[in-house]
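Here is the file target34.cif (mmCIF, C-alpha atoms).
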data_data
loop_
_atom_site.label_atom_id
_atom_site.label_comp_id
_atom_site.auth_asym_id
_atom_site.auth_seq_id
_atom_site.Cartn_x
_atom_site.Cartn_y
_atom_site.Cartn_z
CA MET A 47 -8.78 -22.01 0.35
CA ALA A 48 -11.39 -22.78 3.03
CA ASN A 49 -13.50 -20.04 4.65
CA LEU A 50 -12.80 -17.37 2.05
CA ILE A 51 -15.39 -14.83 0.97
CA THR A 52 -14.52 -12.70 -2.04
CA THR A 53 -16.46 -9.51 -2.60
CA PHE A 54 -15.96 -6.14 -4.29
CA GLU A 55 -15.88 -2.56 -3.07
CA HIS A 56 -19.29 -1.02 -2.34
CA GLN A 57 -20.90 -4.45 -1.88
CA ARG A 58 -22.63 -5.79 1.24
CA LEU A 59 -22.27 -8.94 3.36
CA ARG A 60 -25.20 -10.18 5.45
CA VAL A 61 -25.13 -12.41 8.51
CA ASP A 62 -26.18 -16.06 7.98
CA GLU A 63 -25.96 -15.77 4.19
CA THR A 64 -23.56 -17.94 2.21
CA TYR A 65 -21.12 -16.74 -0.43
CA GLY A 66 -19.00 -18.19 -3.22
CA LYS A 67 -18.92 -21.59 -4.80
CA ASP A 68 -17.94 -23.12 -1.44
CA ALA A 69 -21.05 -21.62 0.21
CA VAL A 70 -19.07 -19.99 3.05
CA ARG A 71 -21.39 -18.67 5.75
CA PHE A 72 -20.93 -15.26 7.36
CA THR A 73 -21.69 -15.90 11.04
CA GLU A 74 -22.94 -13.70 13.85
CA GLY A 75 -19.66 -14.10 15.79
CA GLN A 76 -17.59 -13.00 12.81
CA PHE A 77 -19.89 -10.03 12.30
CA VAL A 78 -19.48 -8.94 15.95
CA SER A 79 -15.65 -9.23 15.78
CA LEU A 80 -15.50 -7.13 12.61
CA VAL A 81 -17.83 -4.49 14.06
CA ARG A 82 -15.66 -4.16 17.19
CA TYR A 83 -12.53 -3.88 15.06
CA ASN A 84 -14.16 -1.24 12.85
CA GLU A 85 -15.23 0.78 15.90
CA ARG A 86 -11.67 0.81 17.23
CA HIS A 87 -10.63 2.39 13.91
CA GLU A 88 -13.25 5.14 13.81
CA ASN A 89 -15.64 3.11 11.59
CA ARG A 90 -13.62 3.90 8.49
CA PHE A 91 -13.28 0.47 6.88
CA PHE A 92 -16.93 -0.31 6.24
CA THR A 93 -20.47 0.76 7.12
CA VAL A 94 -22.40 -1.32 9.64
CA GLY A 95 -26.08 -1.99 9.00
CA HIS A 96 -28.63 -4.34 10.52
CA ARG A 97 -26.73 -7.64 10.69
CA SER A 98 -24.72 -6.58 7.66
CA ILE A 99 -21.60 -4.69 6.65
CA LYS A 100 -21.13 -2.67 3.48
CA PHE A 101 -17.64 -2.03 2.15
CA GLY A 102 -16.70 1.37 0.76
CA GLN A 103 -13.47 2.54 -0.83
CA PHE A 104 -11.23 0.30 1.33
CA VAL A 105 -9.99 -2.83 -0.41
CA GLY A 106 -7.73 -5.69 0.63
CA VAL A 107 -8.25 -8.50 3.12
CA ILE A 108 -9.38 -8.92 6.70
CA ALA A 109 -9.13 -12.19 8.62
CA ALA A 110 -11.10 -12.86 11.80
CA ARG A 111 -12.42 -15.97 13.57
CA GLY A 112 -11.31 -18.39 10.88
CA LEU A 113 -12.81 -16.33 8.06
CA THR A 114 -10.92 -14.35 5.41
CA ILE A 115 -12.86 -11.63 3.62
CA GLU A 116 -11.25 -10.40 0.43
CA VAL A 117 -12.45 -7.03 -0.87
CA LEU A 118 -11.35 -6.40 -4.46
CA PRO A 119 -11.46 -3.15 -6.43
CA LYS A 120 -13.70 -2.79 -9.44
CA THR A 121 -14.26 0.07 -11.88
CA ASP A 122 -16.41 -1.64 -14.48
CA GLY A 123 -19.52 -3.75 -14.50
CA MET A 124 -17.56 -6.98 -14.87
CA ASP A 125 -16.47 -8.70 -11.68
CA GLY A 126 -13.31 -10.33 -13.12
CA GLU A 127 -12.33 -11.82 -9.77
CA ILE A 128 -8.98 -13.24 -10.86
CA ARG A 129 -8.07 -10.15 -12.84
CA TRP A 130 -8.81 -7.72 -10.01
CA ARG A 131 -7.08 -9.92 -7.42
CA THR A 132 -3.92 -9.87 -9.52
CA ALA A 133 -4.32 -6.14 -10.15
CA LEU A 134 -4.63 -5.39 -6.43
CA ILE A 135 -1.53 -7.43 -5.62
CA ASN A 136 0.47 -5.60 -8.28
CA MET A 137 -0.77 -2.20 -7.07
CA LEU A 138 0.26 -3.00 -3.50
CA LYS A 139 3.68 -4.11 -4.65
CA VAL A 140 4.24 -0.83 -6.50
CA ALA A 141 2.79 1.38 -3.77
CA HIS A 142 4.59 -0.24 -0.84
CA GLY A 143 7.87 -1.10 -2.53
CA LEU A 144 7.32 -4.83 -2.12
CA PRO A 145 9.34 -7.43 -4.04
CA LEU A 146 8.13 -7.70 -7.61
CA HIS A 147 9.70 -11.11 -8.18
CA GLU A 148 7.73 -14.19 -7.21
CA ALA A 149 9.96 -17.16 -6.63
CA GLY A 150 9.11 -20.73 -5.79
CA HIS A 151 5.91 -21.27 -3.83
CA ALA A 152 4.86 -17.61 -4.17
CA MET A 153 3.90 -18.38 -7.79
CA LEU A 154 0.41 -19.35 -6.76
CA HIS A 155 -2.63 -19.73 -8.96
CA LEU A 156 -4.63 -16.76 -7.73
CA GLN A 157 -7.94 -18.41 -8.48
CA ASN A 158 -7.20 -20.89 -5.68
CA THR A 159 -5.92 -18.50 -3.01
CA SER A 160 -6.51 -15.03 -1.58
CA VAL A 161 -4.56 -11.79 -1.51
CA LEU A 162 -3.75 -12.49 2.14
CA GLU A 163 -2.32 -15.96 1.51
CA HIS A 164 -0.33 -14.58 -1.40
CA PHE A 165 1.45 -12.04 0.82
CA LEU A 166 1.91 -14.54 3.64
CA ARG A 167 3.60 -16.90 1.18
CA LEU A 168 5.61 -14.07 -0.36
CA TYR A 169 6.90 -13.07 3.09
CA THR A 170 7.74 -16.66 3.98
CA GLU A 171 9.66 -17.03 0.70
CA GLU A 172 11.67 -13.87 1.46
CA VAL A 173 12.64 -15.09 4.94
CA LYS A 174 13.52 -18.52 3.55
CA ARG A 175 15.85 -16.84 1.06
CA LEU A 176 17.60 -14.95 3.89
CA VAL A 177 17.98 -18.10 5.99
CA ARG A 178 19.52 -19.97 3.05
CA GLN A 179 21.98 -17.15 2.43
CA GLY A 180 22.91 -17.06 6.11
CA LEU A 181 21.45 -14.62 8.62
CA VAL A 182 23.43 -11.45 9.21
CA ARG A 183 25.30 -11.28 12.53
CA SER A 184 26.07 -8.16 14.53
CA TYR A 185 27.81 -7.14 17.75
CA ARG A 186 25.83 -6.60 20.94
CA GLN A 187 26.62 -6.29 24.62
CA LYS A 188 25.77 -9.19 26.92
CA ALA A 189 25.72 -9.19 30.71
CA GLU A 190 26.17 -12.57 32.41
CA ALA A 191 27.77 -14.47 35.27
CA SER A 192 30.85 -16.33 34.07
CA THR A 193 33.58 -18.47 35.57
CA ALA A 194 36.12 -16.67 33.34
CA LEU A 195 36.91 -12.98 33.36
CA LYS A 196 36.13 -11.58 29.93
CA GLY A 197 35.11 -8.12 28.87
CA ARG A 198 34.68 -5.77 31.84
CA LEU A 199 33.35 -6.28 35.33
CA ASP A 200 29.82 -5.23 36.08
CA LEU A 201 30.95 -4.07 39.50
CA PRO A 202 27.63 -3.52 41.32
CA ARG A 203 26.28 -6.93 40.25
CA HIS A 204 29.68 -8.55 40.88
CA ILE A 205 29.80 -7.33 44.49
CA ARG A 206 26.26 -8.55 45.18
CA GLY A 207 26.77 -11.85 43.37
CA THR A 208 30.08 -12.90 44.93
CA VAL A 209 28.51 -13.03 48.38
CA VAL A 210 27.04 -16.41 47.43
CA HIS A 211 29.13 -17.49 44.43
CA LYS A 212 32.67 -16.28 44.88
CA GLU A 213 33.88 -18.27 41.87
CA ARG A 214 31.78 -16.27 39.38
CA PHE A 215 32.50 -13.02 37.62
CA HIS A 216 29.64 -10.73 36.61
CA VAL A 217 30.85 -9.28 33.36
CA ILE A 218 29.68 -7.26 30.36
CA HIS A 219 31.20 -8.33 27.07
CA GLN A 220 30.51 -8.23 23.35
CA VAL A 221 29.05 -11.15 21.44
CA TYR A 222 28.72 -11.56 17.68
CA ASP A 223 25.52 -13.40 16.81
CA THR A 224 22.10 -13.21 15.12
CA ASP A 225 20.19 -11.86 18.13
CA HIS A 226 19.36 -8.34 16.98
CA LEU A 227 16.37 -6.16 16.08
CA LEU A 228 16.02 -7.22 12.42
CA HIS A 229 15.65 -10.86 13.35
CA SER A 230 13.21 -10.04 16.17
CA ILE A 231 11.01 -8.37 13.55
CA LEU A 232 11.25 -11.35 11.20
CA LYS A 233 10.58 -13.82 14.01
CA MET A 234 7.49 -11.95 15.22
CA ALA A 235 6.09 -11.71 11.68
CA LEU A 236 6.67 -15.45 11.19
CA ASP A 237 4.60 -16.05 14.33
CA VAL A 238 1.80 -13.99 12.76
CA VAL A 239 2.00 -16.04 9.57
CA GLU A 240 1.87 -19.27 11.57
CA HIS A 241 -1.23 -18.08 13.41
CA VAL A 242 -3.11 -16.70 10.40
CA THR A 243 -2.29 -18.90 7.41
CA ARG A 244 -4.58 -21.71 6.33
CA ASP A 245 -2.18 -22.90 3.64
CA THR A 246 -0.39 -26.11 4.61
CA VAL A 247 2.68 -25.41 2.47
CA THR A 248 3.20 -21.95 3.98
CA LEU A 249 2.71 -23.34 7.49
CA SER A 250 5.23 -26.11 6.85
CA MET A 251 7.80 -23.60 5.60
CA VAL A 252 7.37 -21.46 8.73
CA LYS A 253 7.85 -24.44 11.05
CA ASP A 254 10.95 -25.54 9.13
CA MET A 255 12.56 -22.11 9.60
CA LYS A 256 11.90 -21.66 13.32
CA TRP A 257 15.24 -23.19 14.26
CA ALA A 258 17.03 -20.21 12.71
CA PHE A 259 15.41 -17.82 15.23
CA GLU A 260 15.55 -19.97 18.39
CA HIS A 261 18.06 -17.71 20.13
CA VAL A 262 16.50 -14.42 19.00
CA ARG A 263 14.84 -12.53 21.86
CA GLU A 264 11.37 -11.04 21.67
CA ARG A 265 11.42 -7.25 21.49
CA CYS A 266 8.69 -4.63 21.52
CA ILE A 267 7.94 -3.75 17.89
CA THR A 268 5.91 -0.61 17.11
CA SER A 269 5.49 1.74 14.17
CA GLN A 270 8.27 3.90 15.67
CA THR A 271 10.59 0.88 15.48
CA PHE A 272 10.25 0.81 11.70
CA GLU A 273 10.60 4.60 11.41
CA ARG A 274 13.92 4.51 13.28
CA LEU A 275 15.18 1.40 11.47
CA ARG A 276 18.12 1.93 9.12
CA LEU A 277 19.64 -0.77 6.94
CA ASP A 278 23.35 -0.79 6.19
CA ARG A 279 25.43 -2.45 3.52
CA LYS A 280 25.33 -5.83 5.27
CA SER A 281 21.58 -5.83 5.88
CA ASP A 282 20.44 -4.22 2.63
CA GLY A 283 19.13 -7.56 1.40
CA TYR A 284 16.56 -7.53 4.23
CA ALA A 285 14.62 -4.59 2.74
CA ASP A 286 11.87 -6.65 1.05
CA ALA A 287 11.31 -8.95 4.03
CA ILE A 288 11.22 -6.04 6.48
CA GLN A 289 8.71 -4.17 4.35
CA LEU A 290 6.44 -7.22 4.23
CA ALA A 291 6.91 -7.79 7.97
CA ARG A 292 5.91 -4.18 8.58
CA LEU A 293 2.66 -4.70 6.68
CA LEU A 294 1.86 -7.81 8.72
CA LEU A 295 2.86 -6.59 12.19
CA LEU A 296 1.31 -3.13 12.07
CA ASN A 297 -2.01 -4.54 10.83
CA TYR A 298 -2.26 -7.47 13.23
CA ALA A 299 -4.41 -6.68 16.25
CA PRO A 300 -5.78 -8.77 19.12
CA ASP A 301 -9.51 -8.93 19.75
CA PHE A 302 -9.25 -7.69 23.33
CA GLN A 303 -12.84 -8.48 24.20
CA SER A 304 -12.66 -12.17 23.41
CA GLY A 305 -9.04 -12.51 24.47
CA ARG A 306 -8.47 -15.38 22.06
CA GLU A 307 -9.13 -14.30 18.51
CA HIS A 308 -6.87 -11.97 16.57
CA ILE A 309 -7.60 -9.93 13.47
CA LEU A 310 -5.21 -9.33 10.59
CA SER A 311 -6.38 -6.48 8.40
CA LEU A 312 -4.65 -5.36 5.21
CA LEU A 313 -7.17 -2.77 4.03
CA PHE A 314 -6.18 0.16 1.84
CA ASP A 315 -8.01 3.29 0.70
CA MET A 316 -8.42 2.69 -3.03
CA ASN A 317 -8.39 6.42 -3.80
CA LYS A 318 -4.98 6.87 -2.16
CA LEU A 319 -3.67 3.58 -3.53
CA PHE A 320 -4.54 4.57 -7.11
CA GLU A 321 -2.88 7.97 -6.59
CA VAL A 322 0.36 6.48 -5.23
CA VAL A 323 0.56 3.82 -7.95
CA VAL A 324 0.08 6.36 -10.76
CA LEU A 325 2.66 8.67 -9.16
CA LYS A 326 5.32 5.97 -8.79
CA LEU A 327 4.75 4.62 -12.28
CA LEU A 328 4.97 8.13 -13.76
CA GLN A 329 8.21 8.74 -11.85
CA ARG A 330 9.54 5.46 -13.20
CA VAL A 331 8.84 6.26 -16.86
CA ALA A 332 9.89 9.93 -16.45
CA ARG A 333 13.52 8.78 -16.44
CA GLU A 334 13.24 8.58 -20.22
CA PHE A 335 12.11 12.22 -20.48
CA PRO A 336 14.97 14.73 -20.06
CA ASN A 337 14.35 17.70 -17.75
CA VAL A 338 11.01 16.26 -16.54
CA ASN A 339 10.46 16.00 -12.80
CA ILE A 340 7.38 14.48 -11.17
CA SER A 341 6.48 14.89 -7.51
CA GLY A 342 3.49 14.11 -5.32
CA GLN A 343 1.54 15.75 -2.51
CA ASN A 344 2.77 19.30 -3.11
CA CYS A 345 1.37 21.53 -0.37
CA ARG A 346 0.80 25.27 -0.81
CA THR A 347 -0.88 27.91 1.34
CA PHE A 348 -4.21 28.89 -0.16
CA TRP A 349 -6.17 31.29 2.06
CA ASN A 350 -6.44 32.27 5.72
CA GLY A 351 -3.98 29.62 6.84
CA GLN A 352 -5.66 26.93 4.75
CA SER A 353 -3.55 24.84 2.39
CA ILE A 354 -4.17 22.93 -0.81
CA ARG A 355 -2.36 19.78 -1.82
CA SER A 356 -2.11 18.55 -5.38
CA ASP A 357 -1.82 14.83 -6.13
CA ILE A 358 0.82 14.86 -8.89
CA LEU A 359 2.86 17.80 -10.19
CA ILE A 360 4.74 17.55 -13.49
CA ARG A 361 7.58 20.03 -14.06
CA GLU A 362 9.75 20.51 -17.11
CA LYS A 363 12.90 22.20 -15.90
CA GLU A 364 11.49 24.82 -13.49
CA THR A 365 8.09 25.27 -15.16
CA VAL A 366 4.95 23.56 -13.91
CA ARG A 367 3.59 21.82 -17.00
CA CYS A 368 0.65 19.95 -15.62
CA ILE A 369 -1.20 18.98 -12.45
CA ILE A 370 -2.80 15.53 -12.29
CA ASP A 371 -5.56 14.70 -9.84
CA THR A 372 -6.43 11.00 -9.71
CA LYS A 373 -10.02 9.85 -9.19
CA TRP A 374 -10.85 6.20 -8.50
CA LYS A 375 -14.32 6.58 -9.94
CA LEU A 376 -15.94 7.02 -13.31
CA PRO A 377 -17.60 10.38 -14.03
CA ARG A 378 -21.31 10.23 -14.66
CA ASP A 379 -22.06 10.51 -18.39
CA GLY A 380 -18.38 11.25 -18.95
CA ARG A 381 -18.70 14.70 -17.38
CA PRO A 382 -16.52 15.65 -14.40
CA ALA A 383 -18.18 16.87 -11.21
CA ASP A 384 -18.38 20.62 -10.65
CA ALA A 385 -16.46 20.31 -7.36
CA ASP A 386 -13.58 18.52 -9.15
CA LEU A 387 -13.37 21.21 -11.83
CA LYS A 388 -13.37 23.97 -9.24
CA GLN A 389 -10.56 22.17 -7.46
CA MET A 390 -8.50 22.00 -10.66
CA TYR A 391 -9.19 25.68 -11.39
CA VAL A 392 -7.65 26.58 -8.02
CA TYR A 393 -4.68 24.28 -8.63
CA ASN A 394 -3.93 25.96 -11.97
CA ARG A 395 -4.05 29.41 -10.41
CA GLN A 396 -2.01 28.55 -7.34
CA TYR A 397 0.71 26.56 -9.10
CA GLY A 398 0.83 28.65 -12.28
CA SER A 399 -0.04 25.75 -14.57
CA GLU A 400 -1.76 26.15 -17.93
CA GLN A 401 -3.34 22.73 -17.76
CA SER A 402 -4.52 20.16 -15.28
CA VAL A 403 -5.84 16.64 -15.73
CA LEU A 404 -8.58 14.70 -13.99
CA LEU A 405 -7.36 11.13 -14.40
CA TYR A 406 -9.88 8.29 -14.20
CA PRO A 407 -9.40 4.51 -14.46
CA GLY A 408 -10.71 2.88 -17.60
CA CYS A 409 -10.21 2.68 -21.34
CA GLN A 410 -12.67 5.24 -22.65
CA GLU A 411 -11.42 7.12 -25.66
CA GLY A 412 -11.33 10.84 -26.25
CA VAL A 413 -9.76 13.68 -24.32
CA ARG A 414 -12.17 16.35 -23.14
CA PHE A 415 -10.76 19.81 -22.52
CA ILE A 416 -12.53 22.42 -20.42
CA ALA A 417 -11.25 25.96 -20.92
CA PHE A 418 -11.46 27.92 -17.68
CA ASP A 419 -10.56 31.43 -18.91
CA GLU A 420 -10.56 32.80 -22.45
CA ASP A 421 -10.01 36.29 -23.80
CA HIS A 422 -12.08 37.89 -26.58
CA GLN A 423 -9.79 36.36 -29.23
CA GLY A 424 -10.48 32.85 -27.97
CA LYS A 425 -6.99 32.29 -26.60
CA ARG A 426 -7.00 29.90 -23.67
CA ASP A 427 -5.39 31.04 -20.47
CA HIS A 428 -5.65 27.69 -18.68
CA GLY A 429 -7.91 24.70 -18.50
CA CYS A 430 -8.51 21.11 -17.44
CA SER A 431 -8.79 17.90 -19.42
CA THR A 432 -10.31 14.56 -18.47
CA ARG A 433 -8.32 11.47 -19.31
CA TYR A 434 -8.56 7.75 -18.73
CA ILE A 435 -5.84 5.21 -18.12
CA GLU A 436 -6.21 1.44 -18.28
CA LEU A 437 -3.45 0.33 -15.94
CA PHE A 438 -4.14 -3.39 -16.21
CA ASN A 439 -4.27 -5.89 -19.02
CA PRO A 440 -6.94 -8.65 -19.00
CA MET A 441 -4.71 -10.71 -16.71
CA GLY A 442 -4.31 -7.91 -14.14
CA LYS A 443 -0.68 -7.08 -14.97
CA ILE A 444 0.32 -3.42 -14.96
CA GLU A 445 0.85 -1.86 -18.39
CA GLU A 446 3.70 0.63 -18.00
CA ALA A 447 3.40 1.49 -21.70
CA GLU A 448 0.05 3.14 -20.93
CA VAL A 449 1.71 5.31 -18.28
CA LYS A 450 4.45 6.37 -20.68
CA LEU A 451 1.84 7.19 -23.31
CA LEU A 452 -0.04 9.31 -20.76
CA LEU A 453 3.04 11.32 -19.81
CA ASP A 454 4.06 11.86 -23.42
CA ASP A 455 0.50 12.90 -24.30
CA VAL A 456 0.29 15.36 -21.40
CA LEU A 457 3.56 17.03 -22.38
CA GLN A 458 2.55 17.22 -26.05
CA THR A 459 -0.85 18.64 -25.14
CA PHE A 460 0.80 21.36 -23.08
CA ARG A 461 2.89 22.45 -26.04
CA ALA A 462 -0.20 22.46 -28.25
CA SER A 463 -2.23 24.38 -25.66
CA THR A 464 0.05 27.40 -25.98
CA MET A 465 -1.32 27.95 -29.53
CA PRO A 466 -4.49 29.91 -30.32
CA ARG A 467 -7.79 28.08 -30.70
CA GLY A 468 -7.93 25.91 -33.79
CA GLN A 469 -4.19 25.13 -33.96
CA GLY A 470 -4.07 22.59 -31.16
CA CYS A 471 -5.88 19.29 -30.76
CA TYR A 472 -8.01 19.28 -27.64
CA GLY A 473 -10.54 16.59 -28.32
CA MET A 474 -14.11 17.39 -27.27
CA ASP A 475 -14.71 20.79 -25.66
CA PHE A 476 -17.16 21.60 -22.88
CA PRO A 477 -18.69 25.09 -22.73
CA LEU A 478 -17.35 26.62 -19.54
CA GLY A 479 -20.59 28.20 -18.45
CA LYS A 480 -22.39 24.88 -18.22
CA GLN A 481 -19.78 23.60 -15.77
CA SER A 482 -20.49 26.36 -13.17
CA ILE A 483 -16.88 27.25 -12.56
#
Written form, structure tokens:
Amino acid sequence: MANLITTFEHQRLRVDETYGKDAVRFTEGQFVSLVRYNERHENRFFTVGHRSIKFGQFVGVIAARGLTIEVLPKTDGMDGEIRWRTALINMLKVAHGLPLHEAGHAMLHLQNTSVLEHFLRLYTEEVKRLVRQGLVRSYRQKAEASTALKGRLDLPRHIRGTVVHKERFHVIHQVYDTDHLLHSILKMALDVVEHVTRDTVTLSMVKDMKWAFEHVRERCITSQTFERLRLDRKSDGYADAIQLARLLLLNYAPDFQSGREHILSLLFDMNKLFEVVVLKLLQRVAREFPNVNISGQNCRTFWNGQSIRSDILIREKETVRCIIDTKWKLPRDGRPADADLKQMYVYNRQYGSEQSVLLYPGCQEGVRFIAFDEDHQGKRDHGCSTRYIELFNPMGKIEEAEVKLLLDDVLQTFRASTMPRGQGCYGMDFPLGKQSI
């Protein structure tokens, strides 16, 4: 793909330098457009330096002025461009409920395309599938001047109109066609794809499908439109395409200063993305565990009107078994930060859990348990363990077996943790005092 720069989180791009095997140059104009876009979004996507931008925890793609910048996640020292591109795509599919199947042209070789082109092709494939099946029709009211009386008279317009054309009736009647909100959304998203894509096959597919939406009116589409949207039995098959269209439309913004260029940004906070993916995968595998319920973002009042919010809460029947807090970072020297341990201490106390887990990405072995409170007999009241999960295989595919193993291990550890010291297996212990809890 031409004009593609691939980088990783926490790396920097500099103006007038070239990147990648195609030696793509990052120009001054592209830099200015990205800075303006970042300022309109409270400077949260990257840090601006002297003729340079440095990416932080936001990953994904951003396209501006003919350039696509792809920011991939990375937790190890190895770049693994293809692996992390595939991993990011799979994480976004899980987190946003996007279609997991990849039919036809969406089966792209990811070493030759970007995350953006992948989702543009995936959306185009979904719309093509709907067009082939036949677009859903619905009833709507239509007001028009007609030579035949049908429906009901629009009396005010009829009185005004018959002064000149006495042979016409101004009527309001029902029509049954494809001009409704769902198709306005799909049509607008296809226009975005046509404007943004640099892939000739995707562009050809979009042009070939335009005939299906010729009679669909343009409507104002906002985030509230998607919040109010409800699919019924007839339109249930539109769910995947609408979700992809939502991603495209709500992240496509005009560059108001230039008046010509537009920016499409699909950037996601990697910390939140990792949390949501782990939560949804745990909920998926929890179906095999009777009486186990897993929920996310549980809010509880803490002190003086302040609240705390745990990432993932695991219950067995009505008992809180474990609290998991995901961290998209690797602890220095394998030791969790004091602030993270203090946070887990509060979670245990507030939610009545005997154990909590700081979950990091990676494949390091060994479970470290930190006992927060112990009595004089050495019995543990509650504590926190650090664990690692390698979500992706070398090809970037998600390993659900690892998630199931994590859940089973957490539940088994809880049962062991109710025993006195020496009877349970806790891995490597940290002395509590050295952690400053």
field: Non-local contacts of range 322-335 of chain A (12 Å; all atoms listed in the file; under 2 positions in same chain excluded) as a ChimeraX atom specification
entry: /A:133-143,314-320,337-343,356-363,369-374,405-407,434-438,444-454,456-457
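Proximity to Tyr169 in chain A was assessed for A:Lys443, A:Lys233, A:Arg378, A:Arg58 counting only C-alpha atoms; the smallest distance is recorded for A:Lys233.
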- request: Specify as a PyMOL selection string each residue included when the PyMOL selection byres ((chain A and resi 100) around 7) is applied to this file.
  value: chain A and resi 56-59+92-94+98-99+101-102
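Of note, CA of Val217 in chain A and CA of Ala258 in chain A are spaced 27.1 Å apart.
The interatomic distance for the pair CA of Leu376 in chain A and CA of Val403 in chain A works out to 14.2 Å.
Nearest-residue note for Asn89 in chain A: choosing from A:Glu264, A:Leu294, A:Arg198, A:Phe104, the minimum distance belongs to A:Phe104, counting only C-alpha atoms.
CA of Arg263 in chain A lies 18.7 Å from CA of Ala191 in chain A.
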- prompt: Taking all atoms listed in the file into account, which of A:Thr52, A:Gln401, A:Thr432, A:Gln179 comes nearest Val117 in chain A?
  reply: A:Thr52
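Residue nearest Thr365 in chain A, chosen from A:Glu400, A:Ile218, A:Gln389, A:Arg86 and counting only C-alpha atoms: A:Glu400.
You can rank A:Ala110, A:Ala189, A:Ala285, A:Leu144 by their closest distance to Leu228 in chain A using all atoms listed in the file, and at the top of that list sits A:Ala285.
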query: Given the choices A:Ala417, A:Leu232, A:Val366, A:Ala194, which gets closest to His216 in chain A if the distance is worked out from only C-alpha atoms?
result: A:Ala194
message: Set the distance at 12 Å and use all atoms listed in the file: which residues neighbour Ala383 in chain A once local chain neighbours fewer than 2 positions away are removed? I'd like the list as a count of residues only.
response: 20
Polymer residues at most 9 Å from Leu181 in chain A, only C-alpha atoms, same-chain spacing of 3 or more positions, as number ranges by chain: A: 176-178, 224, 229, 258
